[in-house]
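Colleague: final02.cif is the file, holding mmCIF, C-alpha atoms:
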data_upload
#
loop_
_atom_site.label_atom_id
_atom_site.label_comp_id
_atom_site.auth_asym_id
_atom_site.auth_seq_id
_atom_site.Cartn_x
_atom_site.Cartn_y
_atom_site.Cartn_z
CA MET A 1067 0.00 0.00 0.00
CA ARG A 1068 1.45 3.35 -1.12
CA LEU A 1069 1.09 6.14 1.42
CA LYS A 1070 1.73 9.89 1.23
CA GLN A 1071 4.09 11.54 3.73
CA ASN A 1072 1.40 12.70 6.16
CA GLN A 1073 -0.26 9.26 5.96
CA LEU A 1074 3.09 7.64 6.74
CA THR A 1075 3.39 9.74 9.89
CA ILE A 1076 -0.05 8.64 11.07
CA ALA A 1077 0.62 5.02 10.06
CA ASN A 1078 3.84 5.06 12.07
CA ALA A 1079 2.00 6.41 15.12
CA ILE A 1080 -0.75 3.81 14.78
CA SER A 1081 1.70 0.95 14.45
CA LYS A 1082 3.37 1.99 17.73
CA ALA A 1083 0.13 2.37 19.67
CA LYS A 1084 -0.08 -0.05 22.56
CA LYS A 1085 -2.61 -0.95 25.20
CA GLY A 1086 -3.20 1.96 27.53
CA ASP A 1087 -2.19 4.70 25.05
CA ILE A 1088 -4.50 7.69 24.69
CA LEU A 1089 -6.15 8.18 21.30
CA LEU A 1090 -7.15 11.72 20.32
CA VAL A 1091 -9.41 12.26 17.33
CA ARG A 1092 -8.98 15.81 16.18
CA SER A 1093 -9.90 18.32 13.48
CA LYS A 1094 -7.47 21.25 13.24
CA ASN A 1095 -7.14 22.56 16.81
CA ARG A 1096 -10.22 20.80 18.19
CA THR A 1097 -10.52 17.28 19.43
CA LEU A 1098 -13.68 15.32 18.67
CA GLY A 1099 -13.01 12.42 21.00
CA ILE A 1100 -10.70 10.70 23.42
CA GLY A 1101 -10.26 7.02 24.20
CA VAL A 1102 -7.83 4.31 25.28
CA VAL A 1103 -6.26 1.69 23.03
CA HIS A 1104 -6.89 -1.82 24.30
CA ARG A 1105 -5.65 -3.84 21.29
CA ASN A 1106 -3.64 -3.06 18.15
CA ASP A 1107 -3.75 -5.34 15.11
CA TYR A 1108 -1.36 -3.00 13.28
CA ALA A 1109 1.59 -3.66 15.58
CA GLU A 1110 3.00 -6.42 13.38
CA ASN A 1111 1.85 -5.31 9.93
CA PHE A 1112 0.20 -2.06 8.84
CA ASP A 1113 -2.60 -3.34 6.64
CA PRO A 1114 -6.07 -1.92 5.85
CA ALA A 1115 -7.65 -5.20 6.96
CA ASN A 1116 -6.35 -4.72 10.51
CA ARG A 1117 -8.06 -2.81 13.27
CA LEU A 1118 -7.15 -0.49 16.09
CA HIS A 1119 -9.45 -1.32 19.02
CA VAL A 1120 -10.37 1.69 21.12
CA ALA A 1121 -12.54 2.08 24.20
CA TRP A 1122 -14.12 5.48 23.64
CA ILE A 1123 -14.40 7.38 26.89
CA ASN A 1124 -15.64 10.75 25.75
CA LYS A 1125 -16.59 12.30 22.43
CA GLU A 1126 -17.18 15.85 23.60
CA PRO A 1127 -15.39 18.52 21.51
CA SER A 1128 -12.61 20.49 23.15
CA GLU A 1129 -9.83 22.89 22.19
CA ILE A 1130 -6.31 21.38 22.05
CA SER A 1131 -2.81 22.74 21.94
CA LYS A 1132 -1.70 24.09 18.54
CA ASN A 1133 1.77 22.71 19.23
CA LEU A 1134 0.79 19.02 19.34
CA ARG A 1135 2.33 17.07 16.47
CA THR A 1136 0.67 14.18 14.65
CA SER A 1137 3.27 11.82 16.04
CA GLU A 1138 1.98 12.64 19.53
CA ILE A 1139 -1.61 11.54 18.92
CA PHE A 1140 -0.78 8.36 20.82
CA SER A 1141 1.01 9.23 24.00
CA GLN A 1142 1.10 9.01 27.75
CA SER A 1143 3.13 12.20 27.94
CA GLU A 1144 2.43 14.72 30.68
CA GLU A 1145 1.84 17.46 28.10
CA ILE A 1146 -1.23 15.80 26.61
CA GLU A 1147 -2.57 14.69 29.97
CA ASN A 1148 -2.27 18.20 31.35
CA VAL A 1149 -4.17 19.63 28.38
CA PHE A 1150 -7.05 17.21 28.74
CA ARG A 1151 -7.27 16.97 32.50
CA LYS A 1152 -7.85 20.74 32.57
CA SER A 1153 -10.60 20.57 29.93
CA SER A 1154 -14.12 20.70 31.38
CA ALA A 1155 -15.28 18.48 28.53
CA TYR A 1156 -13.17 15.61 29.88
CA ASN A 1157 -13.17 16.15 33.62
CA LYS A 1158 -15.46 13.13 34.21
CA THR A 1159 -13.49 10.69 32.07
CA TRP A 1160 -10.22 10.24 33.86
CA LYS A 1161 -11.34 7.70 36.44
CA ILE A 1162 -12.40 5.32 33.66
CA MET A 1163 -9.30 6.28 31.67
CA ASP A 1164 -6.96 5.39 34.53
CA GLU A 1165 -8.74 2.08 35.15
CA LEU A 1166 -8.27 1.10 31.53
CA ARG A 1167 -4.62 2.09 31.51
CA ASP A 1168 -4.03 0.12 34.69
CA GLY A 1169 -5.60 -2.93 33.05
CA ASN A 1170 -8.61 -2.97 35.36
CA GLY A 1171 -11.19 -1.95 32.75
CA ASP A 1172 -12.38 -3.46 29.51
CA GLU A 1173 -14.00 -2.48 26.23
CA ASP A 1174 -17.49 -2.51 27.69
CA LEU A 1175 -16.74 0.80 29.43
CA SER A 1176 -16.97 2.46 26.00
CA PRO A 1177 -20.05 4.70 25.64
CA ASN A 1178 -20.82 2.91 22.37
CA ALA A 1179 -20.56 -0.59 23.81
CA GLY A 1180 -23.94 -2.30 23.94
CA GLU A 1181 -25.96 0.95 24.15
CA ILE A 1182 -27.16 1.31 20.56
CA LYS A 1183 -30.56 -0.31 20.38
CA GLU A 1184 -31.67 1.48 17.22
CA PRO A 1185 -32.32 -0.65 14.11
CA LEU A 1186 -29.75 -0.44 11.31
CA ASN A 1187 -32.41 0.70 8.83
CA GLN A 1188 -35.47 2.70 9.80
CA ILE A 1189 -37.92 5.15 8.25
CA LEU A 1190 -39.72 7.90 10.14
CA PHE A 1191 -43.07 8.51 8.46
CA GLY A 1192 -46.10 10.69 9.02
CA PRO A 1193 -48.08 13.72 7.81
CA PRO A 1194 -46.40 17.06 6.99
CA GLY A 1195 -45.15 19.06 9.94
CA THR A 1196 -44.69 16.23 12.44
CA GLY A 1197 -40.95 16.86 12.92
CA LYS A 1198 -39.58 13.92 10.93
CA THR A 1199 -36.43 15.67 9.72
CA TRP A 1200 -35.66 17.16 13.13
CA GLN A 1201 -36.26 13.81 14.80
CA SER A 1202 -33.95 12.05 12.32
CA GLU A 1203 -31.15 14.51 13.12
CA GLN A 1204 -31.53 14.01 16.88
CA LEU A 1205 -31.60 10.25 16.39
CA ALA A 1206 -28.47 10.36 14.24
CA VAL A 1207 -26.49 12.19 16.95
CA LYS A 1208 -27.74 9.70 19.54
CA ILE A 1209 -26.54 6.78 17.40
CA VAL A 1210 -23.12 8.33 16.72
CA GLU A 1211 -22.53 9.10 20.40
CA GLY A 1212 -24.13 5.95 21.75
CA LYS A 1213 -26.10 7.77 24.42
CA GLN A 1214 -29.51 9.32 24.92
CA ASP A 1215 -28.54 12.89 25.77
CA SER A 1216 -26.03 14.75 23.64
CA GLN A 1217 -24.21 18.02 24.17
CA THR A 1218 -22.62 17.91 20.71
CA ASP A 1219 -24.06 19.89 17.84
CA LEU A 1220 -25.20 17.95 14.76
CA TYR A 1221 -23.04 20.12 12.49
CA GLU A 1222 -19.82 18.94 14.08
CA TYR A 1223 -20.64 15.41 12.94
CA LEU A 1224 -21.71 16.70 9.54
CA GLU A 1225 -18.32 18.37 9.26
CA ASN A 1226 -16.34 15.24 10.09
CA GLY A 1227 -18.53 13.02 7.91
CA GLN A 1228 -19.97 10.71 10.56
CA ILE A 1229 -23.45 12.00 9.74
CA GLN A 1230 -24.42 12.82 6.17
CA PHE A 1231 -27.70 14.15 4.85
CA ILE A 1232 -29.18 13.64 1.37
CA THR A 1233 -32.61 14.01 -0.24
CA PHE A 1234 -34.06 11.60 -2.78
CA HIS A 1235 -35.89 12.96 -5.81
CA GLN A 1236 -37.06 11.68 -9.19
CA ASN A 1237 -33.67 12.23 -10.89
CA TYR A 1238 -31.52 10.79 -8.10
CA ASP A 1239 -29.83 7.63 -9.35
CA TYR A 1240 -27.24 4.88 -8.78
CA GLY A 1241 -24.39 7.17 -9.82
CA ASP A 1242 -25.30 9.73 -7.15
CA PHE A 1243 -25.77 7.12 -4.45
CA ILE A 1244 -23.16 4.43 -5.11
CA GLU A 1245 -20.89 5.02 -8.11
CA GLY A 1246 -20.99 6.08 -11.75
CA LEU A 1247 -19.09 7.65 -14.62
CA ARG A 1248 -19.09 11.44 -14.89
CA PRO A 1249 -17.94 13.48 -17.91
CA VAL A 1250 -14.93 15.73 -17.30
CA LEU A 1251 -13.81 18.41 -19.75
CA ASN A 1252 -10.05 18.75 -20.32
CA GLU A 1253 -9.62 22.51 -20.72
CA SER A 1254 -6.26 22.19 -22.51
CA ASN A 1255 -7.52 20.11 -25.45
CA GLN A 1256 -11.29 20.48 -24.97
CA GLN A 1257 -11.67 16.70 -24.89
CA ILE A 1258 -14.24 14.98 -22.69
CA THR A 1259 -13.18 12.01 -20.61
CA TYR A 1260 -15.15 9.96 -18.12
CA GLU A 1261 -14.05 9.53 -14.53
CA LEU A 1262 -15.38 7.27 -11.79
CA HIS A 1263 -17.50 9.17 -9.28
CA LEU A 1264 -18.03 7.79 -5.76
CA GLY A 1265 -21.57 8.25 -4.48
CA VAL A 1266 -22.35 9.19 -0.89
CA PHE A 1267 -23.37 5.69 0.17
CA LYS A 1268 -20.25 3.97 -1.16
CA SER A 1269 -18.05 6.67 0.38
CA MET A 1270 -19.69 6.18 3.78
CA CYS A 1271 -19.35 2.39 3.53
CA ILE A 1272 -15.61 2.78 2.93
CA GLU A 1273 -15.23 5.28 5.78
CA ALA A 1274 -17.25 3.14 8.19
CA GLU A 1275 -15.03 0.14 7.41
CA ARG A 1276 -11.94 2.22 8.12
CA PHE A 1277 -13.28 3.21 11.55
CA PRO A 1278 -15.20 0.18 12.81
CA ASP A 1279 -15.34 1.45 16.39
CA ASP A 1280 -17.35 4.52 15.34
CA ASN A 1281 -20.94 4.73 14.20
CA PHE A 1282 -21.94 6.47 10.97
CA VAL A 1283 -25.42 7.63 9.97
CA LEU A 1284 -26.82 8.45 6.54
CA ILE A 1285 -30.10 10.41 6.69
CA ILE A 1286 -32.20 10.05 3.53
CA ASP A 1287 -34.88 12.73 3.51
CA GLU A 1288 -37.95 12.11 1.31
CA ILE A 1289 -36.88 8.50 0.76
CA ASN A 1290 -40.24 7.71 -0.87
CA ARG A 1291 -39.65 10.21 -3.69
CA GLY A 1292 -36.78 8.24 -5.24
CA ASN A 1293 -36.82 5.15 -7.48
CA ILE A 1294 -35.45 2.66 -4.95
CA ALA A 1295 -34.47 -0.04 -7.46
CA LYS A 1296 -32.69 2.54 -9.60
CA ILE A 1297 -30.85 4.13 -6.67
CA PHE A 1298 -29.83 1.13 -4.52
CA GLY A 1299 -29.31 -1.41 -7.30
CA GLU A 1300 -27.74 -4.63 -6.01
CA LEU A 1301 -26.98 -3.06 -2.63
CA ILE A 1302 -30.62 -3.20 -1.54
CA THR A 1303 -29.86 -6.78 -0.50
CA LEU A 1304 -26.66 -5.92 1.36
CA ILE A 1305 -28.31 -3.48 3.77
CA GLU A 1306 -30.13 -6.35 5.47
CA LYS A 1307 -28.98 -6.95 9.04
CA SER A 1308 -28.09 -10.60 8.31
CA ARG A 1309 -25.81 -9.58 5.40
CA ARG A 1310 -24.09 -6.60 7.01
CA GLY A 1311 -20.31 -7.05 7.03
CA LYS A 1312 -20.60 -10.56 5.57
CA THR A 1313 -21.87 -10.43 1.97
CA SER A 1314 -20.24 -8.30 -0.72
CA ALA A 1315 -21.30 -7.28 -4.22
CA THR A 1316 -19.21 -6.52 -7.29
CA LEU A 1317 -19.90 -2.98 -8.43
CA PRO A 1318 -20.49 -2.55 -12.18
CA TYR A 1319 -18.25 0.46 -12.93
CA SER A 1320 -15.23 -0.02 -10.66
CA ASN A 1321 -15.46 -3.82 -10.53
CA GLU A 1322 -14.69 -3.51 -6.81
CA GLN A 1323 -16.16 -5.58 -4.00
CA LEU A 1324 -18.31 -3.58 -1.59
CA THR A 1325 -19.68 -4.64 1.78
CA VAL A 1326 -22.12 -2.62 3.86
CA PRO A 1327 -20.63 -2.49 7.39
CA LYS A 1328 -22.60 -2.97 10.58
CA ASN A 1329 -21.71 0.48 11.92
CA LEU A 1330 -23.46 2.37 9.10
CA PHE A 1331 -27.04 3.25 10.05
CA LEU A 1332 -29.69 4.38 7.55
CA ILE A 1333 -32.50 6.73 8.62
CA GLY A 1334 -35.13 7.66 6.05
CA THR A 1335 -38.01 10.11 6.30
CA MET A 1336 -41.21 10.06 4.27
CA ASN A 1337 -44.24 12.27 4.03
CA THR A 1338 -47.42 10.18 4.02
CA ALA A 1339 -49.33 12.99 2.32
CA ASP A 1340 -47.33 12.09 -0.81
CA ARG A 1341 -47.52 8.32 -0.59
CA SER A 1342 -48.69 5.76 1.93
CA ILE A 1343 -46.50 2.94 3.19
CA GLN A 1344 -48.53 0.43 1.18
CA LEU A 1345 -47.37 2.07 -2.05
CA LEU A 1346 -43.67 1.91 -1.16
CA ASP A 1347 -41.24 -0.36 -2.97
CA THR A 1348 -41.67 -3.86 -1.50
CA ALA A 1349 -37.90 -4.39 -1.17
CA LEU A 1350 -37.66 -1.20 0.89
CA ARG A 1351 -40.56 -2.17 3.17
CA ARG A 1352 -38.98 -5.52 3.96
CA ARG A 1353 -35.59 -4.10 4.91
CA PHE A 1354 -36.58 -1.07 6.99
CA GLU A 1355 -38.36 -0.70 10.30
CA PHE A 1356 -41.04 1.99 10.30
CA VAL A 1357 -41.65 4.55 13.05
CA GLU A 1358 -44.84 6.59 12.77
CA LEU A 1359 -44.78 10.24 13.80
CA MET A 1360 -48.28 11.69 14.06
CA PRO A 1361 -49.42 15.23 14.97
CA ASP A 1362 -48.93 16.02 18.65
CA PRO A 1363 -51.33 18.84 19.57
CA ASN A 1364 -50.10 18.71 23.18
CA HIS A 1365 -46.55 19.62 22.22
CA ASP A 1366 -45.01 22.26 24.47
CA LEU A 1367 -44.48 24.67 21.57
CA VAL A 1368 -48.19 24.62 20.59
CA ASN A 1369 -49.72 27.51 22.51
CA SER A 1370 -52.86 26.83 24.56
CA ASN A 1371 -53.55 30.56 24.88
CA CYS A 1372 -52.80 32.44 21.68
CA ASP A 1373 -54.74 35.66 22.30
CA GLY A 1374 -57.41 33.47 23.90
CA VAL A 1375 -57.34 30.74 21.23
CA ASN A 1376 -56.44 27.24 22.41
CA LEU A 1377 -54.33 25.97 19.51
CA LYS A 1378 -54.08 22.49 21.01
CA ILE A 1379 -57.86 22.02 20.81
CA LEU A 1380 -58.04 23.82 17.45
CA LEU A 1381 -55.47 21.47 15.85
CA THR A 1382 -57.21 18.41 17.31
CA ALA A 1383 -60.60 19.47 15.92
CA MET A 1384 -59.25 20.16 12.43
CA ASN A 1385 -57.35 16.87 12.27
CA GLU A 1386 -60.39 14.86 13.38
CA ARG A 1387 -62.35 16.34 10.47
CA ILE A 1388 -59.51 15.78 7.97
CA ALA A 1389 -59.21 12.14 9.06
CA SER A 1390 -62.96 11.68 8.52
CA LEU A 1391 -63.11 13.45 5.15
CA LEU A 1392 -59.81 12.06 3.79
CA ASP A 1393 -57.59 9.78 5.90
CA ARG A 1394 -55.31 9.90 8.93
CA GLU A 1395 -52.16 10.17 6.79
CA ARG A 1396 -53.04 13.70 5.61
CA GLN A 1397 -53.49 15.56 8.83
CA ILE A 1398 -51.78 18.81 9.81
CA GLY A 1399 -48.56 18.48 11.81
CA HIS A 1400 -48.01 20.29 15.09
CA THR A 1401 -44.94 22.19 13.82
CA TYR A 1402 -47.25 24.39 11.71
CA PHE A 1403 -48.42 25.92 14.99
CA PHE A 1404 -45.09 26.28 16.76
CA ASP A 1405 -44.38 29.56 18.59
CA LEU A 1406 -47.56 31.40 17.59
CA LYS A 1407 -47.95 34.20 20.13
CA ASN A 1408 -50.91 36.29 18.93
CA VAL A 1409 -53.71 36.54 16.40
CA THR A 1410 -51.35 38.22 13.88
CA ASP A 1411 -49.12 35.14 13.95
CA LEU A 1412 -52.21 32.94 13.68
CA LYS A 1413 -53.55 34.83 10.67
CA ARG A 1414 -50.27 34.48 8.82
CA CYS A 1415 -50.10 30.78 9.69
CA PHE A 1416 -53.57 30.14 8.28
CA GLN A 1417 -53.15 32.28 5.17
CA LYS A 1418 -49.64 31.14 4.22
CA LYS A 1419 -49.47 27.57 5.54
CA VAL A 1420 -52.73 25.94 6.65
CA LEU A 1421 -55.07 27.04 3.83
CA PRO A 1422 -52.56 26.23 1.04
CA LEU A 1423 -52.06 22.76 2.57
CA LEU A 1424 -55.83 22.20 2.74
CA GLN A 1425 -56.17 23.38 -0.87
CA GLU A 1426 -53.65 20.72 -1.86
CA TYR A 1427 -55.36 18.03 0.22
CA PHE A 1428 -58.87 18.74 -1.10
CA TYR A 1429 -57.97 19.87 -4.64
CA ASP A 1430 -59.48 23.34 -4.07
CA ASP A 1431 -62.81 21.92 -2.88
CA TRP A 1432 -63.65 24.91 -0.69
CA GLU A 1433 -66.87 23.36 0.58
CA LYS A 1434 -64.90 20.56 2.26
CA ILE A 1435 -62.27 23.00 3.47
CA ASP A 1436 -65.09 24.97 5.07
CA MET A 1437 -66.14 21.79 6.89
CA VAL A 1438 -62.58 21.30 8.20
CA LEU A 1439 -62.66 24.86 9.53
CA GLY A 1440 -65.96 24.21 11.27
CA LYS A 1441 -67.71 26.75 9.03
CA ASN A 1442 -65.95 29.47 10.97
CA GLY A 1443 -66.42 32.23 8.40
CA PHE A 1444 -63.18 32.10 6.42
CA ILE A 1445 -65.02 30.45 3.51
CA GLU A 1446 -68.16 32.10 2.18
CA LEU A 1447 -70.84 31.57 -0.44
CA VAL A 1448 -70.71 34.18 -3.21
CA GLU A 1449 -72.93 34.95 -6.20
CA VAL A 1450 -71.44 34.25 -9.63
CA ASP A 1451 -71.86 36.03 -12.93
CA GLN A 1452 -75.09 35.21 -14.80
CA ILE A 1453 -73.06 34.03 -17.81
CA VAL A 1454 -71.62 31.09 -15.91
CA LYS A 1455 -74.70 30.23 -13.84
CA HIS A 1456 -75.82 27.51 -16.23
CA ALA A 1457 -72.46 25.74 -15.84
CA MET A 1458 -72.48 25.80 -12.07
CA HIS A 1459 -72.90 22.69 -9.98
CA GLY A 1460 -72.47 24.40 -6.65
CA PRO A 1461 -74.42 24.12 -3.43
CA GLU A 1462 -77.11 26.39 -4.81
CA ASP A 1463 -77.90 27.74 -8.26
CA GLY A 1464 -75.45 30.52 -9.12
CA GLN A 1465 -73.39 30.29 -5.92
CA ARG A 1466 -69.96 28.96 -5.06
CA TYR A 1467 -67.59 28.72 -2.10
CA GLU A 1468 -64.63 31.10 -1.95
CA LYS A 1469 -61.94 32.00 0.55
CA LEU A 1470 -62.15 35.41 2.20
CA ASP A 1471 -59.89 38.09 0.77
CA GLU A 1472 -56.64 38.24 2.76
CA ASN A 1473 -57.38 41.84 3.78
CA ASP A 1474 -60.80 40.97 5.20
CA PRO A 1475 -61.00 42.04 8.88
CA ASP A 1476 -62.42 38.60 9.87
CA TRP A 1477 -58.88 37.18 9.67
CA ASP A 1478 -58.03 39.34 12.70
CA ARG A 1479 -61.04 38.25 14.77
CA VAL A 1480 -60.19 35.91 17.61
CA ASP A 1481 -63.71 34.44 17.68
CA CYS A 1482 -63.33 33.18 14.09
CA TYR A 1483 -60.44 30.97 15.18
CA LYS A 1484 -62.24 29.85 18.34
CA ASN A 1485 -65.27 28.92 16.20
CA ILE A 1486 -63.15 26.23 14.53
CA TYR A 1487 -63.44 24.12 17.67
CA GLU A 1488 -66.41 25.69 19.47
CA ASN A 1489 -68.84 25.20 16.55
CA THR A 1490 -70.53 28.57 17.07
CA LYS A 1491 -71.58 30.92 14.33
CA PRO A 1492 -69.16 33.69 13.32
CA GLY A 1493 -69.87 36.88 15.17
CA ASN A 1494 -71.42 35.23 18.23
CA PRO A 1495 -69.39 35.78 21.38
CA SER A 1496 -67.98 32.63 22.94
#
Could you quickly redo this structure as structure tokens?

Modeller:
Amino acid sequence: MRLKQNQLTIANAISKAKKGDILLVRSKNRTLGIGVVHRNDYAENFDPANRLHVAWINKEPSEISKNLRTSEIFSQSEEIENVFRKSSAYNKTWKIMDELRDGNGDEDLSPNAGEIKEPLNQILFGPPGTGKTWQSEQLAVKIVEGKQDSQTDLYEYLENGQIQFITFHQNYDYGDFIEGLRPVLNESNQQITYELHLGVFKSMCIEAERFPDDNFVLIIDEINRGNIAKIFGELITLIEKSRRGKTSATLPYSNEQLTVPKNLFLIGTMNTADRSIQLLDTALRRRFEFVELMPDPNHDLVNSNCDGVNLKILLTAMNERIASLLDRERQIGHTYFFDLKNVTDLKRCFQKKVLPLLQEYFYDDWEKIDMVLGKNGFIELVEVDQIVKHAMHGPEDGQRYEKLDENDPDWDRVDCYKNIYENTKPGNPS
């Protein structure tokens, strides 16, 4: 294996690492983790197939000395110990650290050891606005750190590549996800050549194999919008738990063998307003566990007193009607009503978010939208021009349902919003 100069320095340090040495994982002048070596397969022969076994004690970020050299990343020197013993991020780790270095501890003291109970492949699904993307990000950090509560920001893991985020769409394909040939223009002779491009999934598989003691997470937003057979290809089989780290496939462009490691987790999100689970690719349904996220009207960020309007009850009433008129998969998520403080916020939410969503759900059937709103006054019957009366099939001859003009003062009336769940006529005090 041919290594560059900086790789040789790291390889030399790794080959000399012995049980009890401190391992620092760092990016520039920040460390992303600290652990203790408890076995080194590289000691005899530096080979990619070997492993460095580390008991991770702490993965909290911390500033480190700018003067530390790469050759010192494995060390028991006083300089490194002094740096880290003074760091508040590591002040609770040294008891475990010392036990390991004295030979009294074992690998099970690692935060990652035996604590990850999440499935390797899962999909968070539910109506719009139920927090699927946010939940997937929190879950990803939990998996990477191996603990329930994290103090580390998601973006630090995005930066070091342990968590990656992609979105499927109709044009996303095998070349984007695994590998493919991409045209490259040679500016000197204006000739086009084709180079092998590594997709995000293949790149993460390779990285996860290089660092088997770490967990990696790929978040696939809108997983139901992509053509699964076209994107995953032969690797749809290899993501199964029983085949992880055991079965390999020969890739068509590079002719390389690829295995999906056990420490690479897949989290997908899907919006059930676009497609129900029953319509998903069968191969995907068999290989993923599904976690339903439904609207939570009792969420802390949904105000129970927004200028006198109880948004928790309002959201519940609207969703009950939507479920009856359509289905439970096209309700309104609680995040639509986050942090609404007054009737001005509420008006904007209804005009810019709620009504457009209901228009999409009911294909501009304003009569049904009026039913969802509890006939609160935002939808009204209007007379139409005599010329089109003969073509009308509305509720009454020559009438149709229309949304109030956005400048209508009824949008600012608190009782109109309360009427959604109180079932009183507009204008009557509640």

Colleague: So which one's closest to Met1437 (chain A), A:Arg1414, A:Lys1082, A:Arg1387, A:His1400? Using all atoms listed in the file, please.

Modeller: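 Checking each candidate against Met1437 (chain A), we get A:Arg1387 as the closest.
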
Colleague: I want to know what sits within 12 Å of Asp1393 (chain A), based on only C-alpha atoms, with residues of the same chain fewer than 3 positions away left out; could you give that as a ChimeraX atom specification?

Modeller: /A:1192-1193,1338-1339,1342,1385-1390,1396-1398,1427-1428

Colleague: Any chance you could resolve the PyMOL selection byres ((chain A and resi 1242-1257) around 12) against this file and give the residues as a ChimeraX atom specification?

Modeller: /A:1231-1235,1237-1241,1258-1272,1284,1286,1292-1302,1315-1322,1324-1326

Colleague: Measuring between all atoms listed in the file, which one of A:Asp1478, A:Asp1362, A:Leu1391, A:Cys1415 shows the shortest distance to Ile1435 (chain A)?

Modeller: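 For Ile1435 (chain A), the nearest of the given residues is A:Leu1391.
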
Colleague: If the PyMOL selection byres ((chain A and resi 1382) around 12) is run on the structure shown, which residues does it catch, given as a ChimeraX atom specification?

Modeller: /A:1360-1365,1368,1370,1376-1381,1383-1389,1397-1400,1403,1438-1439,1486-1488

Colleague: Looking at only C-alpha atoms, which of A:Ser1314, A:Asn1329, A:Gln1188, A:Asn1371 is the one that sits closest to Val1210 (chain A)?

Modeller: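 Once distances to Val1210 (chain A) are computed over only C-alpha atoms, the minimum belongs to A:Asn1329.
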
Colleague: If I put a ball of radius 8 Å at (-21.7, 10.9, 9.7) in the file's coordinates, which residues poke into it when counting only C-alpha atoms, written as a compact mmCIF listing (two decimals) with C-alpha atoms, in the coordinates of the input?

Modeller:
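As a result, part.txt now contains:
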# COMPACT_ATOMS: atom_id res chain seq x y z
CA VAL A 1210 -23.12 8.33 16.72
CA TYR A 1223 -20.64 15.41 12.94
CA LEU A 1224 -21.71 16.70 9.54
CA ASN A 1226 -16.34 15.24 10.09
CA GLY A 1227 -18.53 13.02 7.91
CA GLN A 1228 -19.97 10.71 10.56
CA ILE A 1229 -23.45 12.00 9.74
CA GLN A 1230 -24.42 12.82 6.17
CA MET A 1270 -19.69 6.18 3.78
CA ASN A 1281 -20.94 4.73 14.20
CA PHE A 1282 -21.94 6.47 10.97
CA VAL A 1283 -25.42 7.63 9.97
CA LEU A 1284 -26.82 8.45 6.54

Colleague: Neighbours of Ile1445 (chain A) within 6 Å (all atoms listed in the file; same-chain residues fewer than 4 positions away dropped), as a ChimeraX atom specification?

Modeller: /A:1436,1468-1470

Colleague: Could you write those residues out with C-alpha atoms, as an mmCIF file, keeping the file's coordinate frame?

Modeller:
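So the final result, stored in part_24.cif, reads:
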data_model
loop_
_atom_site.group_PDB
_atom_site.id
_atom_site.type_symbol
_atom_site.label_atom_id
_atom_site.label_comp_id
_atom_site.auth_asym_id
_atom_site.auth_seq_id
_atom_site.Cartn_x
_atom_site.Cartn_y
_atom_site.Cartn_z
ATOM 1 C CA ASP A 1436 -65.090 24.970 5.070
ATOM 2 C CA GLU A 1468 -64.630 31.100 -1.950
ATOM 3 C CA LYS A 1469 -61.940 32.000 0.550
ATOM 4 C CA LEU A 1470 -62.150 35.410 2.200
#

Colleague: Report, in Å with one decimal, the straight-line distance from CA of Ile1289 (chain A) to CA of Leu1186 (chain A).

Modeller: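 CA of Ile1289 (chain A) sits 15.6 Å away from CA of Leu1186 (chain A).
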
Colleague: Tell me, in Å to one decimal, how far CA of Asn1408 (chain A) is from CA of Asn1369 (chain A).

Modeller: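 Atom-to-atom, CA of Asn1408 (chain A) to CA of Asn1369 (chain A), that is 9.6 Å.
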
Colleague: Give me, as a JSON list (two decimals) with C-alpha atoms, in the coordinates of the input, all polymer residues having an atom no more than 7 Å from Asn1106 (chain A), counting all atoms listed in the file and skipping those fewer than 4 positions away in the same chain.

Modeller:
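Wrote selection35.json, looks like this:
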[["chain", "number", "residue", "atom", "x", "y", "z"],
["A", 1083, "ALA", "CA", 0.13, 2.37, 19.67],
["A", 1084, "LYS", "CA", -0.08, -0.05, 22.56],
["A", 1117, "ARG", "CA", -8.06, -2.81, 13.27],
["A", 1118, "LEU", "CA", -7.15, -0.49, 16.09],
["A", 1119, "HIS", "CA", -9.45, -1.32, 19.02]]

Colleague: Identify which of the residues A:Gly1101, A:Asp1373, A:Lys1441, A:Phe1191 lies closest to Phe1354 (chain A), counting all atoms listed in the file when measuring atom-to-atom distances.

Modeller: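 Using all atoms listed in the file, Phe1354 (chain A) sits closest to A:Phe1191.
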
Colleague: Mind giving me the straight-line distance from CA of Arg1353 (chain A) to CA of Leu1392 (chain A) in Å, one decimal?

Modeller: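 Distance between the two atoms: 29.1 Å.
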
Colleague: Pull out every residue that the PyMOL selection byres ((chain A and resi 1447) around 8) matches in the shown coordinates and put them as JSON, numbers by chain.

Modeller: {"A": [1445, 1446, 1448, 1449, 1465, 1466, 1467, 1468]}

Colleague: Between A:Ile1189, A:Ile1305, A:Cys1482, A:Leu1330, which one has atoms that come closest to Phe1277 (chain A), using all atoms listed in the file?

Modeller: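 Counting all atoms listed in the file, the residue closest to Phe1277 (chain A) is A:Leu1330.
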